[in-house]
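run11.pdb, holding PDB, C-alpha atoms and all ligand atoms:
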```pdb
ATOM      1  CA  MET Z   1      13.003  12.714  29.494
ATOM      2  CA  ARG Z   2      10.538  12.015  32.223
ATOM      3  CA  ALA Z   3      11.711  10.122  35.296
ATOM      4  CA  THR Z   4      10.233   6.707  35.948
ATOM      5  CA  ARG Z   5       8.592   7.913  39.144
ATOM      6  CA  ALA Z   6       6.184   9.883  36.961
ATOM      7  CA  VAL Z   7       4.766   6.729  35.432
ATOM      8  CA  PRO Z   8       2.103   5.942  38.065
ATOM      9  CA  ALA Z   9       0.534   9.366  37.633
ATOM     10  CA  LEU Z  10       0.495   8.846  33.918
ATOM     11  CA  ILE Z  11      -1.139   5.468  34.294
ATOM     12  CA  CYS Z  12      -3.812   7.042  36.471
ATOM     13  CA  ALA Z  13      -4.467   9.619  33.803
ATOM     14  CA  MET Z  14      -4.720   6.911  31.188
ATOM     15  CA  LEU Z  15      -7.016   4.839  33.359
ATOM     16  CA  LEU Z  16      -9.278   7.816  33.654
ATOM     17  CA  ALA Z  17      -9.160   8.310  29.921
ATOM     18  CA  VAL Z  18     -10.137   4.705  29.357
ATOM     19  CA  ALA Z  19     -12.878   4.821  31.954
ATOM     20  CA  CYS Z  20     -14.267   8.031  30.553
ATOM     21  CA  ASP Z  21     -15.037   6.270  27.302
ATOM     22  CA  ALA Z  22     -16.326   9.459  25.718
ATOM     23  CA  PRO Z  23     -14.031  11.520  23.522
ATOM     24  CA  PRO Z  24     -14.487  15.255  24.022
ATOM     25  CA  ASP Z  25     -16.167  15.747  20.685
ATOM     26  CA  PRO Z  26     -16.507  12.643  18.550
ATOM     27  CA  ALA Z  27     -18.195  14.614  15.779
ATOM     28  CA  ASN Z  28     -14.869  16.253  15.090
ATOM     29  CA  LYS Z  29     -13.038  13.044  14.320
ATOM     30  CA  ASP Z  30     -12.454  11.548  10.932
ATOM     31  CA  MET Z  31     -14.526   8.421  10.807
ATOM     32  CA  ALA Z  32     -13.920   5.121   9.114
ATOM     33  CA  ALA Z  33     -16.760   3.004  10.281
ATOM     34  CA  PRO Z  34     -18.024   0.144   8.157
ATOM     35  CA  GLY Z  35     -21.611  -0.132   9.231
ATOM     36  CA  GLY Z  36     -21.643   2.997  11.324
ATOM     37  CA  THR Z  37     -20.921   3.773  14.923
ATOM     38  CA  VAL Z  38     -20.094   0.932  17.232
ATOM     39  CA  GLU Z  39     -21.923   0.677  20.507
ATOM     40  CA  PRO Z  40     -20.019  -1.014  23.305
ATOM     41  CA  GLY Z  41     -21.359  -4.448  24.081
ATOM     42  CA  ARG Z  42     -23.285  -4.634  20.851
ATOM     43  CA  ALA Z  43     -20.452  -5.133  18.422
ATOM     44  CA  PRO Z  44     -21.459  -6.986  15.281
ATOM     45  CA  ALA Z  45     -19.453  -9.986  14.149
ATOM     46  CA  PRO Z  46     -16.099  -8.972  12.685
ATOM     47  CA  GLU Z  47     -16.021  -8.691   8.939
ATOM     48  CA  PRO Z  48     -13.227 -10.346   7.030
ATOM     49  CA  GLN Z  49     -12.743  -7.372   4.722
ATOM     50  CA  MET Z  50     -10.841  -4.293   5.660
ATOM     51  CA  ALA Z  51     -12.859  -1.217   6.467
ATOM     52  CA  GLU Z  52     -13.818   1.082   3.644
ATOM     53  CA  ALA Z  53     -11.667   4.025   2.772
ATOM     54  CA  PRO Z  54     -12.003   6.562   5.569
ATOM     55  CA  ALA Z  55     -14.279   9.489   5.067
ATOM     56  CA  GLU Z  56     -12.500  12.755   5.483
ATOM     57  CA  HIS Z  57     -13.408  16.049   6.920
ATOM     58  CA  ASP Z  58     -11.343  18.798   8.382
ATOM     59  CA  HIS Z  59     -11.321  19.583  12.009
ATOM     60  CA  GLU Z  60      -9.815  22.571  13.658
ATOM     61  CA  GLU Z  61     -10.360  23.560  17.189
ATOM     62  CA  THR Z  62      -8.763  26.231  19.293
ATOM     63  CA  GLY Z  63      -9.058  26.948  22.948
ATOM     64  CA  GLY Z  64     -10.369  23.514  23.795
ATOM     65  CA  ARG Z  65      -9.162  21.202  26.479
ATOM     66  CA  LEU Z  66      -5.811  19.592  25.723
ATOM     67  CA  GLU Z  67      -3.956  17.399  28.144
ATOM     68  CA  ALA Z  68      -0.426  18.498  28.953
ATOM     69  CA  HIS Z  69       2.079  16.602  26.882
ATOM     70  CA  GLU Z  70       5.788  16.244  26.415
ATOM     71  CA  HIS Z  71       7.170  16.596  22.916
ATOM     72  CA  GLY Z  72       8.718  13.390  21.659
ATOM     73  CA  ARG Z  73       6.471  11.328  23.877
ATOM     74  CA  ALA Z  74       3.102   9.754  23.086
ATOM     75  CA  THR Z  75       0.592   7.585  24.929
ATOM     76  CA  LEU Z  76      -1.058   4.371  23.827
ATOM     77  CA  ALA Z  77      -3.798   2.699  25.850
ATOM     78  CA  ALA Z  78      -5.244  -0.694  24.973
ATOM     79  CA  ALA Z  79      -8.407  -1.756  26.775
ATOM     80  CA  VAL Z  80     -10.228  -5.058  26.456
ATOM     81  CA  ASP Z  81     -13.962  -5.240  27.140
ATOM     82  CA  GLY Z  82     -15.400  -8.634  26.271
ATOM     83  CA  ASN Z  83     -14.436  -9.302  22.662
ATOM     84  CA  GLU Z  84     -13.665  -5.699  21.976
ATOM     85  CA  LEU Z  85     -10.169  -4.233  22.026
ATOM     86  CA  THR Z  86      -9.870  -0.453  21.895
ATOM     87  CA  PHE Z  87      -6.624   1.384  21.266
ATOM     88  CA  THR Z  88      -6.415   5.068  22.148
ATOM     89  CA  PHE Z  89      -3.329   6.895  20.915
ATOM     90  CA  GLU Z  90      -2.382  10.497  21.542
ATOM     91  CA  ALA Z  91       0.780  12.257  20.396
ATOM     92  CA  PRO Z  92       2.091  15.820  20.173
ATOM     93  CA  LEU Z  93       1.801  17.159  16.650
ATOM     94  CA  ALA Z  94       5.255  18.723  17.038
ATOM     95  CA  SER Z  95       6.688  15.211  17.002
ATOM     96  CA  LEU Z  96       4.729  14.177  13.910
ATOM     97  CA  VAL Z  97       4.464  17.193  11.601
ATOM     98  CA  GLY Z  98       6.709  19.748  13.315
ATOM     99  CA  PHE Z  99       4.092  22.333  14.306
ATOM    100  CA  GLU Z 100       1.244  22.594  16.778
ATOM    101  CA  HIS Z 101      -1.040  25.295  15.487
ATOM    102  CA  ALA Z 102      -4.002  25.153  13.170
ATOM    103  CA  PRO Z 103      -2.732  24.917   9.597
ATOM    104  CA  GLU Z 104      -1.889  28.259   7.986
ATOM    105  CA  THR Z 105      -0.572  27.116   4.627
ATOM    106  CA  ASP Z 106      -1.582  24.546   2.046
ATOM    107  CA  ALA Z 107       1.508  22.550   2.936
ATOM    108  CA  GLN Z 108       0.511  22.437   6.598
ATOM    109  CA  THR Z 109      -3.044  21.438   5.732
ATOM    110  CA  GLU Z 110      -1.656  18.689   3.555
ATOM    111  CA  ALA Z 111       0.704  17.520   6.289
ATOM    112  CA  LEU Z 112      -2.138  17.189   8.787
ATOM    113  CA  ASN Z 113      -4.414  15.454   6.290
ATOM    114  CA  THR Z 114      -1.677  12.983   5.413
ATOM    115  CA  LEU Z 115      -1.021  12.327   9.081
ATOM    116  CA  LYS Z 116      -4.682  11.645   9.816
ATOM    117  CA  ASP Z 117      -4.923   9.435   6.741
ATOM    118  CA  VAL Z 118      -1.928   7.356   7.824
ATOM    119  CA  PHE Z 119      -3.270   6.773  11.300
ATOM    120  CA  VAL Z 120      -6.883   6.107  10.352
ATOM    121  CA  VAL Z 121      -6.099   3.132   8.116
ATOM    122  CA  PRO Z 122      -7.325   0.012   9.938
ATOM    123  CA  GLY Z 123      -4.369  -2.123  10.931
ATOM    124  CA  SER Z 124      -1.846   0.646  10.277
ATOM    125  CA  MET Z 125      -1.087   1.769  13.792
ATOM    126  CA  VAL Z 126      -0.920  -1.342  15.932
ATOM    127  CA  ALA Z 127      -0.543  -5.078  15.521
ATOM    128  CA  VAL Z 128      -1.808  -7.762  17.865
ATOM    129  CA  ASN Z 129      -0.476 -11.317  17.962
ATOM    130  CA  PRO Z 130      -2.496 -13.203  15.302
ATOM    131  CA  SER Z 131      -3.610 -15.994  17.632
ATOM    132  CA  ALA Z 132      -6.046 -13.591  19.305
ATOM    133  CA  GLY Z 133      -7.943 -13.239  16.016
ATOM    134  CA  CYS Z 134      -8.468  -9.488  16.244
ATOM    135  CA  LEU Z 135      -9.975  -7.678  13.249
ATOM    136  CA  PRO Z 136     -10.376  -3.925  12.872
ATOM    137  CA  LEU Z 137     -13.919  -2.692  13.321
ATOM    138  CA  MET Z 138     -13.715   1.089  13.465
ATOM    139  CA  THR Z 139     -11.009   3.734  13.409
ATOM    140  CA  THR Z 140     -10.967   7.469  13.934
ATOM    141  CA  SER Z 141      -8.190  10.048  13.799
ATOM    142  CA  GLY Z 142      -8.346  13.738  14.453
ATOM    143  CA  THR Z 143      -6.361  16.725  15.599
ATOM    144  CA  HIS Z 144      -6.930  18.929  18.581
ATOM    145  CA  PHE Z 145      -5.420  22.342  19.336
ATOM    146  CA  GLY Z 146      -5.397  24.251  22.585
ATOM    147  CA  GLY Z 147      -3.148  26.241  24.857
ATOM    148  CA  GLY Z 148      -0.453  26.635  22.224
ATOM    149  CA  HIS Z 149      -0.179  22.906  21.670
ATOM    150  CA  GLY Z 150      -1.676  20.443  19.266
ATOM    151  CA  ALA Z 151      -2.244  16.720  19.431
ATOM    152  CA  LEU Z 152      -3.156  13.844  17.222
ATOM    153  CA  GLU Z 153      -5.886  11.676  18.730
ATOM    154  CA  VAL Z 154      -6.553   8.237  17.306
ATOM    155  CA  GLU Z 155      -8.863   5.406  18.275
ATOM    156  CA  HIS Z 156      -8.840   1.927  16.775
ATOM    157  CA  VAL Z 157     -11.480  -0.583  17.801
ATOM    158  CA  TYR Z 158     -11.012  -4.289  17.103
ATOM    159  CA  THR Z 159     -13.165  -7.322  17.711
ATOM    160  CA  CYS Z 160     -11.236 -10.402  18.769
ATOM    161  CA  GLU Z 161     -12.108 -14.082  18.529
ATOM    162  CA  SER Z 162      -9.989 -14.835  21.591
ATOM    163  CA  ALA Z 163      -9.244 -11.682  23.495
ATOM    164  CA  ASP Z 164      -7.800 -13.755  26.328
ATOM    165  CA  ARG Z 165      -5.047 -14.828  23.945
ATOM    166  CA  ILE Z 166      -3.758 -11.304  23.422
ATOM    167  CA  ASP Z 167      -0.154 -11.440  24.525
ATOM    168  CA  SER Z 168       1.559  -8.690  22.557
ATOM    169  CA  ILE Z 169       0.651  -5.351  21.054
ATOM    170  CA  GLU Z 170       3.052  -3.549  18.768
ATOM    171  CA  PHE Z 171       3.079   0.048  17.591
ATOM    172  CA  LEU Z 172       3.879   0.015  13.867
ATOM    173  CA  LEU Z 173       4.627   3.627  12.955
ATOM    174  CA  MET Z 174       7.653   4.477  15.056
ATOM    175  CA  ASP Z 175      10.107   4.275  12.154
ATOM    176  CA  ARG Z 176       7.953   6.601  10.092
ATOM    177  CA  TYR Z 177       8.016   9.335  12.758
ATOM    178  CA  PRO Z 178      11.579   9.441  14.126
ATOM    179  CA  GLN Z 179      10.873  12.454  16.335
ATOM    180  CA  LEU Z 180       8.519  10.263  18.313
ATOM    181  CA  GLU Z 181      11.062   9.004  20.809
ATOM    182  CA  SER Z 182       8.927   6.965  23.158
ATOM    183  CA  ILE Z 183       5.385   5.865  23.843
ATOM    184  CA  ASP Z 184       3.973   5.190  27.286
ATOM    185  CA  ALA Z 185       1.815   2.141  26.686
ATOM    186  CA  ILE Z 186      -0.719   0.487  28.944
ATOM    187  CA  PHE Z 187      -2.859  -2.605  28.519
ATOM    188  CA  LEU Z 188      -5.968  -3.258  30.593
ATOM    189  CA  SER Z 189      -8.421  -6.120  30.604
ATOM    190  CA  GLY Z 190     -10.750  -7.487  33.233
ATOM    191  CA  THR Z 191      -8.022  -9.719  34.585
ATOM    192  CA  ARG Z 192      -4.720  -8.324  33.410
ATOM    193  CA  GLN Z 193      -2.864  -5.094  33.141
ATOM    194  CA  SER Z 194       0.610  -4.141  32.112
ATOM    195  CA  ALA Z 195       2.471  -1.016  31.185
ATOM    196  CA  GLY Z 196       5.727  -0.206  29.492
ATOM    197  CA  GLU Z 197       7.653   2.219  27.391
ATOM    198  CA  LEU Z 198       7.796   1.593  23.653
ATOM    199  CA  ARG Z 199      10.831   2.764  21.716
ATOM    200  CA  PRO Z 200      12.018   2.476  18.126
ATOM    201  CA  GLY Z 201      14.086  -0.612  18.920
ATOM    202  CA  SER Z 202      11.376  -2.164  21.102
ATOM    203  CA  PRO Z 203       7.948  -1.091  19.834
ATOM    204  CA  ALA Z 204       5.974  -3.964  21.405
ATOM    205  CA  LEU Z 205       4.350  -4.359  24.802
ATOM    206  CA  LYS Z 206       4.139  -7.849  26.282
ATOM    207  CA  VAL Z 207       0.870  -8.180  28.132
ATOM    208  CA  ARG Z 208       1.258 -11.586  29.759
TER     209      ARG Z 208
HETATM  210 ZN    ZN Z 301       2.981  20.558  22.384
END
```

Have the structure of the file written as structure tokens, please.
Amino acid sequence: MRATRAVPALICAMLLAVACDAPPDPANKDMAAPGGTVEPGRAPAPEPQMAEAPAEHDHEETGGRLEAHEHGRATLAAAVDGNELTFTFEAPLASLVGFEHAPETDAQTEALNTLKDVFVVPGSMVAVNPSAGCLPLMTTSGTHFGGGHGALEVEHVYTCESADRIDSIEFLLMDRYPQLESIDAIFLSGTRQSAGELRPGSPALKVR
């Protein structure tokens, strides 16, 4: 378990990740984008329907960049930009499927595909208080291997009627993955920021 004094460094890392805004290789993510890629600042009006079933393609990568991680511990960043709310989630595969190498058996391939399918479903990973009027716009999920480790990387983009009314974000999949012991969560908007540790008994982050 990491000591609390490590949190500021983590937040810095997450701030950088949010500011970077460009995943290492977006072409390697599974996409579920009704209407195609979303460009920041030019988000179309939210659609009332859920996104279409996610397209699937496999992605394996070895030797690429992979941030150091601690098994049992994930990160969740929520960033508000205008009406757009972007969640970025990253977790060690060891804590989700029990291995961190490229799949070698049909069962391992299936486990990774199932994992990506679970996380790519719009609305599956996080919930926002309904009064903010946030609707899913685009989701991606993919896996990344490097340096003997493997990670799940997920992004969910929402458009919100009243982003200033966001007061709580909740991670919804903790019970499904009991080896995921905690999530370092951070929320950032133009005027507010908060951070906290999510756990199975307390999976929500208050952001005001
Ligand atoms: Zn690992």

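With distances taken from (-3.6, 14.0, 19.1) and restricted to all atoms listed in the file, the residues inside 9 Å are Leu66, Ala74, Phe89, Glu90, Ala91, Pro92, Leu93, Ser141, Gly142, Thr143, His144, Phe145, Gly150, Ala151, Leu152, Glu153 and Val154 of chain Z.
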
I need the chosen residues saved as a PDB file, in the frame of the given file, with C-alpha atoms.
```pdb
ATOM      1  CA  LEU Z  66      -5.811  19.592  25.723  1.00  0.00           C
ATOM      2  CA  ALA Z  74       3.102   9.754  23.086  1.00  0.00           C
ATOM      3  CA  PHE Z  89      -3.329   6.895  20.915  1.00  0.00           C
ATOM      4  CA  GLU Z  90      -2.382  10.497  21.542  1.00  0.00           C
ATOM      5  CA  ALA Z  91       0.780  12.257  20.396  1.00  0.00           C
ATOM      6  CA  PRO Z  92       2.091  15.820  20.173  1.00  0.00           C
ATOM      7  CA  LEU Z  93       1.801  17.159  16.650  1.00  0.00           C
ATOM      8  CA  SER Z 141      -8.190  10.048  13.799  1.00  0.00           C
ATOM      9  CA  GLY Z 142      -8.346  13.738  14.453  1.00  0.00           C
ATOM     10  CA  THR Z 143      -6.361  16.725  15.599  1.00  0.00           C
ATOM     11  CA  HIS Z 144      -6.930  18.929  18.581  1.00  0.00           C
ATOM     12  CA  PHE Z 145      -5.420  22.342  19.336  1.00  0.00           C
ATOM     13  CA  GLY Z 150      -1.676  20.443  19.266  1.00  0.00           C
ATOM     14  CA  ALA Z 151      -2.244  16.720  19.431  1.00  0.00           C
ATOM     15  CA  LEU Z 152      -3.156  13.844  17.222  1.00  0.00           C
ATOM     16  CA  GLU Z 153      -5.886  11.676  18.730  1.00  0.00           C
ATOM     17  CA  VAL Z 154      -6.553   8.237  17.306  1.00  0.00           C
TER      18      VAL Z 154
END
```

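Proximity to Phe119 of chain Z was assessed for Z:Arg165, Z:His101, Z:Arg73, Z:Arg176 counting all atoms listed in the file; the smallest distance is recorded for Z:Arg176.
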
Need to verify the contact set: segment 191-204 of chain Z, 12 Å, all atoms listed in the file, exclusion of same-chain residues closer than 3 positions in sequence. Can you return it as number ranges by chain?
Z: 1-4, 7-8, 10-12, 14-15, 72-82, 125-129, 163-188, 207-208

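Among Z:Glu84, Z:Glu70, Z:Glu110, Z:Asp117, the residue with the shortest atom-to-atom distance to ligand ZN 301 (chain Z), counting only C-alpha atoms and all ligand atoms, is Z:Glu70.
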
Tell me which protein, DNA and RNA residues are within 7 Å of Pro136 of chain Z, counting all atoms listed in the file, leaving out same-chain ones fewer than 4 positions away, and put them as a list in words.
Pro122, Gly123, Val157, Tyr158 and Thr159 of chain Z

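Residue nearest Cys134 of chain Z, chosen from Z:Ala107, Z:Cys160, Z:Leu85, Z:Ala102 and counting only C-alpha atoms: Z:Cys160.
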
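Shortest atom-to-atom contact with Glu161 of chain Z among Z:Thr105, Z:Thr140, Z:Asn83, Z:Thr114: Z:Asn83, counting all atoms listed in the file.
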
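The closest residue to ligand ZN 301 (chain Z), picked from Z:Gly148, Z:Gln108, Z:Ser124, Z:Lys206 and counting all atoms listed in the file, is Z:Gly148.
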
Go ahead and compute the interatomic distance for atom CA of Val97 of chain Z and atom CA of Gly146 of chain Z, in Å to one decimal.
16.4 Å

Counting only C-alpha atoms and all ligand atoms, the residue among Z:Thr139, Z:Phe87, Z:Ala132, Z:Gly147 that lies closest to ligand ZN 301 (chain Z) is Z:Gly147

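What separates atom CA of Ala68 of chain Z from atom CA of His149 of chain Z is a distance of 8.5 Å.
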
Pairwise distance for atom CA of Ala111 of chain Z and atom CA of Glu155 of chain Z, rounded to one decimal in Å:
19.5 Å

Kindly compute an axis-aligned box around the listed atoms of segment 182-193 of chain Z, allowing 8 Å on each side, and express its centre and edge lengths in Å to one decimal as lines of an AutoDock Vina configuration file.
```
center_x = -0.9
center_y = -1.4
center_z = 28.9
size_x = 35.7
size_y = 32.7
size_z = 27.4
```
